[in-house]
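I have placed the structure first, in the form of structure tokens, so that the comments after it can refer back to it.
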Amino acid sequence: MGFFPCHDTSTIIDSCNGLLLYYASHPAAFHVVNPTTLRWAALPAPRGRTLLSVLAFDPCASPHYKVVCFTGWLPRGASIEVFDSEAGAWRDHEVDFGIDTDAMSATMHYFGGALHVLAYSGHVIRVDLDTMACAVTALPAPVSCRARAGHCRGRLRFASSDRSRLRIWELKDAGGDEWALKHEIGVKNIVADERINQAVTFLFMAFHPEREVAYLWAPWKLLAFDMVERRVEEEWVFGSEKEGAHLIQIWLFPFSRHLASCLA
């Protein structure tokens with residue numbers, strides 16, 4: 001990232017479909033960076049104090065992106081500022097989640113013009129970034145810190161893990177609330193080792209957008225797991241020196257064919 005002059009003075013706080021969102025606190029400054037085209041853009045400062053910031057970008061739909069800053073919490077919603085790269089300005093909004101704000105998690109996924117936010121009440125909240133309307137959908141399993149939402153082939157999916165087993169559901173209809181269990185994977189399907197025991201765990205990280213492939217974090221490895229063939233098709237070893245490290249979040253860049261026009 002040596003091409004970006006603020007890399008050493010900023011922190012990567014989010015990523016979406018190949019773009020990175022950087023933030024520096026003193027003075028407050030946002031930058032959106034495209035590591036594929038080696039271009040970056042500085043954003044004007046938002047008016048309010050940012051509590052949580054999310055990058056929203058869909059290269060299949062538009063070369064423009066949005067940055068969503070949550071600036072205040074309401075009992076069942078939030079005050080937000082949204083930067084639109086097409087307009088080049090921030091706009092203030094208030095959203096009503098439809099559930100208590102205390103139930104909302106910070107696990108968010110952007111797709112189809114909307115943020116999909118997991119809630120510990122067992123719901124996913126769809127926030128339309130054009131209209132700011134929210135829709136609440138019940139999930140098929142409880143939400144934990146390991147749960148993730150994502151899309152594959154245009155359909156919303158929900159991944160839930162209990163350390164030794166991963167279950168993946170797909171929402172049958174975008175406007176409905178019926179889920180179908182698509183895959184169930186045990187740790188023994190992923191880590192082929194005669195010495196395996198319950199201490200070996202894995203984390204679900206991301207869906208491939210077009211194939212039945214899940215990206216998983218196993219001890220010291222990032223795995224691309226084919227859920228149909230039930231085999232690891234690729235793996236990237238990080239080395240045993242990372243044994244004491246705790247992985248919080250990972251950003252993947254395997255799908256870059258649509259990125260050339262953004263920040264070009």
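Letters A, B, ... mark the chains of the structure tokens in the order given; residue numbers begin at 1 per chain; ligand numbers begin at 1, in order shown.
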Spatial neighbours of Arg167 in chain A, max dist 7 Å, only C-alpha atoms, sep filter under 4 positions, as number ranges by chain: A: 159-161, 183-185
Could the residues in this selection be written to a file with C-alpha atoms, as a tab-separated table (two decimals), in the first residue's frame?
```tsv
chain	number	residue	atom	x	y	z
A	159	ALA	CA	-23.71	-18.78	8.32
A	160	SER	CA	-23.76	-20.03	11.90
A	161	SER	CA	-20.95	-21.92	13.63
A	183	HIS	CA	-24.82	-26.93	3.72
A	184	GLU	CA	-23.70	-28.48	6.99
A	185	ILE	CA	-19.96	-28.94	7.45
```
For each of A:Asp92, A:Asp173, A:Glu212, A:Asp8, take the minimum atom-to-atom distance to Arg47 in chain A, counting only C-alpha atoms, then give the residue where this is smallest. A:Asp92
If we count only C-alpha atoms and set the cut-off at 6 Å, which residues sit around Leu118 in chain A, ignoring sequence neighbours fewer than 6 positions away in its own chain? Please answer as a VMD selection string. chain A and resid 105 107 124
Would you return as an MDAnalysis selection string the members of range 11-232 of chain A that DSSP assigns to strand (DSSP E or B) on this structure's backbone? chainID A and resid 11:16 19:25 28:34 39:42 52:57 65:74 77:84 89:96 104:111 114:119 123:128 134:138 148:152 155:161 165:171 179:186 203:207 213:218 221:226 231:232
Neighbouring residues of Arg91 in chain A were defined as those with any atom within 7 Å, considering only C-alpha atoms; residues of the same chain fewer than 4 positions away were excluded. Please report them as a list of chain:residue names.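 In the requested format, the answer is A:Glu81, A:Val82, A:Phe83.
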Can I get the selected residues back with N, CA and C atoms, as a PDB file, in the first residue's frame?
```pdb
ATOM      1  N   GLU A  81     -25.054   9.663   8.807  1.00  0.00           N
ATOM      2  CA  GLU A  81     -24.649  10.498   7.689  1.00  0.00           C
ATOM      3  C   GLU A  81     -24.154   9.571   6.593  1.00  0.00           C
ATOM      4  N   VAL A  82     -24.569   9.840   5.361  1.00  0.00           N
ATOM      5  CA  VAL A  82     -24.190   9.001   4.222  1.00  0.00           C
ATOM      6  C   VAL A  82     -23.471   9.857   3.195  1.00  0.00           C
ATOM      7  N   PHE A  83     -22.256   9.451   2.850  1.00  0.00           N
ATOM      8  CA  PHE A  83     -21.515  10.112   1.776  1.00  0.00           C
ATOM      9  C   PHE A  83     -21.736   9.334   0.492  1.00  0.00           C
TER      10      PHE A  83
END
```
Which residue, A:Ala206, A:Leu115, A:Ala87, A:Ala78, has the smallest gap to Ile99 in chain A when you use only C-alpha atoms?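 Of A:Ala206, A:Leu115, A:Ala87, A:Ala78, the one nearest Ile99 in chain A, counting only C-alpha atoms, is A:Ala78.
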For Ala89 in chain A, work out the shell of residues within 12 Å, counting only C-alpha atoms and skipping chain neighbours fewer than 5 positions away, then give it as a list in words.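 Near neighbours after the sequence-gap exclusion: Ala42, Leu43, Pro44, Ala45, Pro46, Arg47, Tyr65, Lys66, Val67, Val68, Glu81, Val82, Phe83 and Asp84 of chain A.
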Would you write out those residues with C-alpha atoms, as an mmCIF file, in the first residue's frame?
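What landed in again.cif:
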```cif
data_model
loop_
_atom_site.group_PDB
_atom_site.id
_atom_site.type_symbol
_atom_site.label_atom_id
_atom_site.label_comp_id
_atom_site.auth_asym_id
_atom_site.auth_seq_id
_atom_site.Cartn_x
_atom_site.Cartn_y
_atom_site.Cartn_z
ATOM 1 C CA ALA A 42 -10.199 11.913 0.145
ATOM 2 C CA LEU A 43 -13.694 12.510 1.546
ATOM 3 C CA PRO A 44 -14.910 15.762 3.090
ATOM 4 C CA ALA A 45 -15.233 15.502 6.861
ATOM 5 C CA PRO A 46 -18.684 14.487 8.148
ATOM 6 C CA ARG A 47 -20.455 16.990 10.370
ATOM 7 C CA TYR A 65 -19.717 4.013 -3.537
ATOM 8 C CA LYS A 66 -21.248 5.197 -0.275
ATOM 9 C CA VAL A 67 -19.831 5.600 3.214
ATOM 10 C CA VAL A 68 -22.353 5.199 6.031
ATOM 11 C CA GLU A 81 -24.649 10.498 7.689
ATOM 12 C CA VAL A 82 -24.190 9.001 4.222
ATOM 13 C CA PHE A 83 -21.515 10.112 1.776
ATOM 14 C CA ASP A 84 -22.351 9.437 -1.889
#
```
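Closest approach to Gly48 in chain A among A:Thr71, A:Ser62, A:Thr11, A:Asn34: A:Thr71, based on only C-alpha atoms.
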